[in-house]
Each structure stands twice: as C-alpha cells, then as structure tokens.
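K.L.:
My structure file start05.tsv, TSV, C-alpha atoms, is below:
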```
chain	number	residue	atom	x	y	z
P	1	MET	CA	48.16	-17.49	39.89
P	2	SER	CA	47.46	-20.41	42.19
P	3	PRO	CA	45.30	-23.36	41.01
P	4	SER	CA	42.57	-22.53	43.52
P	5	ARG	CA	42.29	-18.93	42.19
P	6	SER	CA	42.11	-20.07	38.58
P	7	LYS	CA	39.45	-22.65	39.50
P	8	LEU	CA	37.50	-19.92	41.30
P	9	LEU	CA	37.73	-17.57	38.29
P	10	PHE	CA	36.73	-20.38	35.92
P	11	GLY	CA	33.79	-21.24	38.19
P	12	LEU	CA	32.65	-17.61	38.32
P	13	PHE	CA	32.98	-17.31	34.55
P	14	ALA	CA	31.01	-20.55	33.97
P	15	GLY	CA	28.37	-19.37	36.46
P	16	GLN	CA	28.04	-16.06	34.58
P	17	ILE	CA	27.57	-17.88	31.27
P	18	LEU	CA	24.95	-20.23	32.75
P	19	PHE	CA	23.11	-17.31	34.38
P	20	GLY	CA	23.07	-15.46	31.05
P	21	LEU	CA	21.74	-18.51	29.19
P	22	SER	CA	19.02	-19.03	31.79
P	23	ARG	CA	17.74	-15.50	31.17
P	24	LEU	CA	17.30	-16.01	27.40
P	25	PRO	CA	13.63	-16.02	26.40
P	26	HIS	CA	13.36	-19.62	25.21
P	27	ALA	CA	9.91	-19.13	23.66
P	28	VAL	CA	11.25	-16.35	21.49
P	29	LEU	CA	14.15	-18.48	20.32
P	30	TRP	CA	11.79	-21.33	19.44
P	31	LYS	CA	9.49	-18.98	17.47
P	32	ARG	CA	12.46	-17.50	15.62
P	33	TRP	CA	13.79	-20.94	14.73
P	34	HIS	CA	10.32	-21.94	13.50
P	35	ARG	CA	10.10	-18.82	11.27
P	36	ILE	CA	13.54	-19.55	9.81
P	37	GLU	CA	12.43	-23.09	8.98
P	38	GLN	CA	9.25	-21.74	7.34
P	39	MET	CA	11.31	-19.38	5.19
P	40	ARG	CA	13.63	-22.20	4.14
P	41	ALA	CA	10.66	-24.37	3.20
P	42	LYS	CA	8.69	-21.72	1.30
P	43	GLY	CA	11.53	-19.62	-0.04
P	44	PRO	CA	11.98	-15.91	0.69
P	45	LEU	CA	9.45	-14.69	-1.90
P	46	GLU	CA	6.50	-16.82	-0.79
P	47	PHE	CA	7.40	-16.45	2.87
P	48	HIS	CA	7.29	-12.64	2.79
P	49	LEU	CA	4.31	-12.43	0.45
P	50	GLY	CA	2.32	-14.52	2.93
P	51	PHE	CA	2.05	-11.45	5.17
P	52	VAL	CA	0.57	-9.00	2.63
P	53	ASP	CA	-2.73	-8.36	0.88
P	54	LEU	CA	-3.57	-9.50	-2.64
P	55	ASP	CA	-2.89	-6.11	-4.32
P	56	THR	CA	0.63	-6.03	-2.95
P	57	ARG	CA	1.22	-9.66	-3.91
P	58	GLU	CA	0.00	-9.00	-7.45
P	59	ALA	CA	2.10	-5.83	-7.79
P	60	ILE	CA	5.31	-7.61	-6.81
P	61	ARG	CA	4.51	-10.65	-8.94
P	62	ARG	CA	3.77	-8.51	-11.98
P	63	LEU	CA	6.92	-6.42	-11.59
P	64	ARG	CA	9.07	-9.54	-11.23
P	65	GLU	CA	7.54	-11.21	-14.29
P	66	GLU	CA	6.98	-8.30	-16.69
P	67	THR	CA	9.91	-5.92	-16.18
P	68	ALA	CA	13.54	-6.38	-17.11
P	69	LYS	CA	15.74	-7.65	-14.29
P	70	ASN	CA	17.99	-4.58	-14.37
P	71	SER	CA	15.19	-2.01	-14.68
P	72	VAL	CA	14.44	1.07	-12.63
P	73	ILE	CA	10.99	1.03	-11.00
P	74	LEU	CA	9.53	4.40	-10.07
P	75	PHE	CA	7.73	4.65	-6.76
P	76	HIS	CA	6.12	7.27	-4.57
P	77	GLY	CA	4.55	7.30	-1.15
P	78	SER	CA	5.52	5.89	2.20
P	79	TRP	CA	8.82	4.10	2.75
P	80	ARG	CA	7.16	2.05	5.52
P	81	GLY	CA	5.18	-1.15	5.31
P	82	PRO	CA	5.34	-3.58	2.37
P	83	ILE	CA	7.80	-1.44	0.40
P	84	GLU	CA	10.47	-2.34	2.96
P	85	PHE	CA	10.60	-5.96	1.86
P	86	ALA	CA	9.46	-5.30	-1.72
P	87	ALA	CA	12.80	-3.71	-2.57
P	88	PRO	CA	14.87	-6.83	-1.80
P	89	LEU	CA	12.25	-9.10	-3.39
P	90	LEU	CA	12.47	-7.09	-6.62
P	91	TYR	CA	16.27	-7.18	-6.70
P	92	PRO	CA	18.17	-6.68	-9.04
P	93	ARG	CA	15.57	-4.10	-10.06
P	94	VAL	CA	16.10	-0.73	-8.39
P	95	LEU	CA	13.42	1.46	-6.83
P	96	LEU	CA	13.69	5.15	-7.66
P	97	SER	CA	11.62	7.97	-6.24
P	98	ALA	CA	9.36	9.14	-9.09
P	99	HIS	CA	10.37	12.79	-8.88
P	100	ARG	CA	14.01	11.83	-9.64
P	101	LEU	CA	13.17	10.90	-13.25
P	102	PRO	CA	13.18	14.23	-15.08
P	103	ASP	CA	11.34	13.13	-18.23
P	104	LEU	CA	8.92	10.22	-18.66
P	105	ARG	CA	9.94	9.86	-22.31
P	106	LEU	CA	13.38	8.62	-21.21
P	107	ARG	CA	13.91	4.96	-22.01
P	108	THR	CA	16.84	4.57	-19.61
P	109	PHE	CA	18.04	6.13	-16.38
P	110	MET	CA	21.72	5.83	-15.46
P	111	GLY	CA	22.15	2.97	-17.90
P	112	ARG	CA	19.14	0.96	-16.70
P	113	PRO	CA	15.85	0.66	-18.57
P	114	VAL	CA	12.88	2.44	-17.02
P	115	GLY	CA	10.22	-0.11	-16.03
P	116	ARG	CA	7.18	-0.15	-18.30
P	117	LEU	CA	4.03	-2.24	-18.08
P	118	ASP	CA	0.97	-2.71	-20.22
P	119	PHE	CA	-1.97	-0.63	-18.94
P	120	GLY	CA	-5.11	-1.01	-21.05
P	121	GLY	CA	-3.23	-2.09	-24.16
P	122	LYS	CA	-0.67	0.72	-23.94
P	123	LYS	CA	2.90	0.31	-22.64
P	124	GLU	CA	3.50	3.03	-20.03
P	125	VAL	CA	6.04	3.89	-17.36
P	126	VAL	CA	5.01	2.05	-14.21
P	127	LEU	CA	4.62	3.77	-10.85
P	128	LEU	CA	4.63	1.71	-7.66
P	129	GLU	CA	2.39	3.52	-5.20
P	130	SER	CA	3.26	2.74	-1.60
P	131	THR	CA	1.13	3.20	1.51
P	132	GLU	CA	1.79	1.76	4.95
P	133	LYS	CA	-0.72	-1.02	4.21
P	134	LYS	CA	-0.31	-1.94	0.53
P	135	LEU	CA	1.40	-1.48	-2.81
P	136	ARG	CA	-0.31	-0.99	-6.14
P	137	LEU	CA	0.75	-0.36	-9.71
P	138	LEU	CA	-0.33	2.71	-11.67
P	139	PRO	CA	0.74	4.22	-14.96
P	140	GLU	CA	2.94	7.26	-14.33
P	141	ARG	CA	1.15	10.16	-16.02
P	142	ARG	CA	2.92	13.17	-14.65
P	143	GLY	CA	1.65	16.37	-16.26
P	144	LYS	CA	-1.09	14.67	-18.31
```
Using structure tokens, write down the structure that the file contains.
P.N.:
Amino acid sequence: MSPSRSKLLFGLFAGQILFGLSRLPHAVLWKRWHRIEQMRAKGPLEFHLGFVDLDTREAIRRLREETAKNSVILFHGSWRGPIEFAAPLLYPRVLLSAHRLPDLRLRTFMGRPVGRLDFGGKKEVVLLESTEKKLRLLPERRGK
C-alpha cells in the first residue's frame, strides 16, 4: 500500500473516531460521572437508600442489623422497584420467594438459617413484602 493511501485511510479512521466522539451526549456523561462520585463518597448503601422512602430504608437497615449474614429472607410481591437493589444491599443474605419454604417451623433452608425478627416480643420468621413503591417487614404467618 502506498504512503498516500495509508495516510488517507488513517485520516478517514481518525475522522470517524472524532465524529463518533462529537455525537456523545456530553451532559449525560457529566451526570453519570457525578453520580459515580456521589456513590464513592456516600458508599453504595447510603447512595441507594437515598432514593427510597423511610419504610424501605428501615426494612433494609433492620434486616442488615438483626439477621445473620448467611440467612435466607422470605419475600413476596413485585420483583420491581426497591427490591431490585435491596437484594445486592442485603448480600450475602439470600432472598427466597415465600412459597418455596415448605414449613415455617424449619430453622434452616438449604444449609442457611431462615431469617427471624422480633415482632411484638416474639421471634418470628420475617417476610419482606415488596410493592413497586416500597418494602416492609411482616411476620410470616402462613396458615394462622
């Protein structure tokens, strides 16, 4: 290939790259960079909890503080909304659809303890109820 052809191809390639960069939405990149900096400053937990209501915040805080790290947390309801980021924030706890636990008297499920919380002075299996707007904690009282 002659030097003039290679210079032409290099020029066309560089022009394509510059054209592509000029079409990037710079405002979006700036906003994204700003959100990444906010998350680094606040930490993932506080960053994500800043976008939810108080009930959801309290539910996640209580589960993180009062259940064993390797526990199974029962949930039911929508798999949209706050539950989407609650699962990684609760890690290494595992969310399990409530109907998958055959018997509430079980202390473990697949080698992990079933999450229990104190409700009115009585330790009961916890149920994380999920809607598209919020999360809340309830005692699981299936069949009672």
K.L.:
Can you tell me which residues surround Ser78 of chain P at a distance of at most 10 Å, considering only C-alpha atoms, apart from same-chain residues fewer than 6 positions away, and format the answer as a CSV table (one decimal) with C-alpha atoms, keeping the file's coordinate frame?
P.N.:
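Okay, result05.csv is ready:
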```
chain,number,residue,atom,x,y,z
P,84,GLU,CA,10.5,-2.3,3.0
P,129,GLU,CA,2.4,3.5,-5.2
P,130,SER,CA,3.3,2.7,-1.6
P,131,THR,CA,1.1,3.2,1.5
P,132,GLU,CA,1.8,1.8,5.0
P,133,LYS,CA,-0.7,-1.0,4.2
P,134,LYS,CA,-0.3,-1.9,0.5
P,135,LEU,CA,1.4,-1.5,-2.8
```
K.L.:
Excluding Leu101 of chain P and its own-chain neighbours fewer than 3 positions away, which residues fall within 12 Å of it when counting all atoms listed in the file? Please give them as a ChimeraX atom specification.
P.N.:
/P:72-76,95-98,104-110,113-115,125,127,140,142
K.L.:
May I have a table of the residues of segment 12-74 of chain P lying at most 9 Å from segment 89-93 of chain P, giving each one's closest pair of atoms and their distance in Å to one decimal, counting all atoms listed in the file, ordered by chain and ascending residue number, as CSV?
P.N.:
```
residue,atom,partner,partner_atom,distance
P:Pro44,CA,P:Leu89,CA,7.9
P:Leu45,CA,P:Leu89,CA,6.4
P:His48,CA,P:Leu89,CA,8.7
P:Ile60,CA,P:Leu90,CA,7.2
P:Leu63,CA,P:Leu90,CA,7.5
P:Arg64,CA,P:Leu90,CA,6.2
P:Thr67,CA,P:Arg93,CA,8.5
P:Ala68,CA,P:Arg93,CA,7.7
P:Lys69,CA,P:Arg93,CA,5.5
P:Asn70,CA,P:Arg93,CA,5.0
P:Ser71,CA,P:Arg93,CA,5.1
P:Val72,CA,P:Arg93,CA,5.9
P:Ile73,CA,P:Arg93,CA,6.9
```
K.L.:
Centre and edge lengths of an axis-aligned box around all listed atoms of segment 95-107 of chain P, with 3 Å added on each side, are to be given in Å to one decimal, as AutoDock Vina command-line options.
P.N.:
```
--center_x 11.5 --center_y 7.8 --center_z -14.3 --size_x 11.1 --size_y 18.8 --size_z 22.1
```
K.L.:
Rounded to one decimal in Å, what is the spacing between atom CA of Arg80 of chain P and atom CA of Ile36 of chain P?
P.N.:
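It comes out at 22.9 Å.
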K.L.:
Can you measure atom CA of Glu65 of chain P to atom CA of Gly77 of chain P for me? One decimal in Å is fine.
P.N.:
22.9 Å
K.L.:
Quick check, in Å to one decimal: how far apart do atom CA of Asp55 of chain P and atom CA of Gly81 of chain P lie?
P.N.:
13.5 Å
K.L.:
Taking into account all atoms listed in the file, which residue in the set P:Arg141, P:Arg136, P:Arg35, P:Lys7 is nearest to Lys123 of chain P?
P.N.:
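Of all the options, P:Arg141 lies closest to Lys123 of chain P.
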K.L.:
Please determine, counting only C-alpha atoms, which residue among P:Gly121, P:Trp30, P:Phe85, P:Ala41 has the shortest atom-to-atom distance to Arg57 of chain P.
P.N.:
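Under the stated criterion, the closest residue is P:Phe85.
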K.L.:
Just checking: using all atoms listed in the file, which residue out of P:Ser6, P:Ala14, P:Gly50, P:Pro102 ends up closest to Gln38 of chain P?
P.N.:
P:Gly50
K.L.:
Rank P:Glu46, P:Leu138, P:His26, P:Arg112 by their smallest atom-to-atom distance to Arg61 of chain P, using all atoms listed in the file, and report the top residue only.
P.N.:
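Under the stated criterion, the closest residue is P:Glu46.
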K.L.:
From the structure block, carefully write segment 58-71 of chain P out with N, CA and C atoms; format it as a PDB file, in the first residue's frame.
P.N.:
```
ATOM      1  N   GLU P  58     -35.878   1.547  56.511  1.00  0.00           N
ATOM      2  CA  GLU P  58     -35.920   0.870  57.807  1.00  0.00           C
ATOM      3  C   GLU P  58     -35.913  -0.644  57.628  1.00  0.00           C
ATOM      4  N   ALA P  59     -36.631  -1.152  56.631  1.00  0.00           N
ATOM      5  CA  ALA P  59     -36.667  -2.598  56.393  1.00  0.00           C
ATOM      6  C   ALA P  59     -35.268  -3.124  56.056  1.00  0.00           C
ATOM      7  N   ILE P  60     -34.574  -2.447  55.178  1.00  0.00           N
ATOM      8  CA  ILE P  60     -33.233  -2.894  54.787  1.00  0.00           C
ATOM      9  C   ILE P  60     -32.265  -2.760  55.963  1.00  0.00           C
ATOM     10  N   ARG P  61     -32.343  -1.645  56.678  1.00  0.00           N
ATOM     11  CA  ARG P  61     -31.466  -1.460  57.836  1.00  0.00           C
ATOM     12  C   ARG P  61     -31.680  -2.562  58.870  1.00  0.00           C
ATOM     13  N   ARG P  62     -32.946  -2.849  59.160  1.00  0.00           N
ATOM     14  CA  ARG P  62     -33.257  -3.843  60.181  1.00  0.00           C
ATOM     15  C   ARG P  62     -32.797  -5.236  59.756  1.00  0.00           C
ATOM     16  N   LEU P  63     -33.006  -5.592  58.503  1.00  0.00           N
ATOM     17  CA  LEU P  63     -32.553  -6.897  58.021  1.00  0.00           C
ATOM     18  C   LEU P  63     -31.039  -7.014  58.088  1.00  0.00           C
ATOM     19  N   ARG P  64     -30.338  -5.961  57.721  1.00  0.00           N
ATOM     20  CA  ARG P  64     -28.871  -5.990  57.758  1.00  0.00           C
ATOM     21  C   ARG P  64     -28.349  -6.114  59.184  1.00  0.00           C
ATOM     22  N   GLU P  65     -29.002  -5.457  60.125  1.00  0.00           N
ATOM     23  CA  GLU P  65     -28.512  -5.441  61.506  1.00  0.00           C
ATOM     24  C   GLU P  65     -28.968  -6.627  62.343  1.00  0.00           C
ATOM     25  N   GLU P  66     -30.172  -7.151  62.075  1.00  0.00           N
ATOM     26  CA  GLU P  66     -30.763  -8.126  63.000  1.00  0.00           C
ATOM     27  C   GLU P  66     -30.852  -9.551  62.475  1.00  0.00           C
ATOM     28  N   THR P  67     -30.428  -9.798  61.250  1.00  0.00           N
ATOM     29  CA  THR P  67     -30.432 -11.173  60.747  1.00  0.00           C
ATOM     30  C   THR P  67     -28.996 -11.623  60.494  1.00  0.00           C
ATOM     31  N   ALA P  68     -28.813 -12.923  60.534  1.00  0.00           N
ATOM     32  CA  ALA P  68     -27.482 -13.486  60.277  1.00  0.00           C
ATOM     33  C   ALA P  68     -27.065 -13.188  58.836  1.00  0.00           C
ATOM     34  N   LYS P  69     -25.770 -13.010  58.637  1.00  0.00           N
ATOM     35  CA  LYS P  69     -25.274 -12.648  57.311  1.00  0.00           C
ATOM     36  C   LYS P  69     -25.552 -13.701  56.258  1.00  0.00           C
ATOM     37  N   ASN P  70     -25.629 -14.960  56.627  1.00  0.00           N
ATOM     38  CA  ASN P  70     -25.860 -16.015  55.636  1.00  0.00           C
ATOM     39  C   ASN P  70     -27.315 -16.495  55.636  1.00  0.00           C
ATOM     40  N   SER P  71     -28.233 -15.694  56.146  1.00  0.00           N
ATOM     41  CA  SER P  71     -29.618 -16.150  56.272  1.00  0.00           C
ATOM     42  C   SER P  71     -30.406 -16.058  54.977  1.00  0.00           C
TER      43      SER P  71
END
```
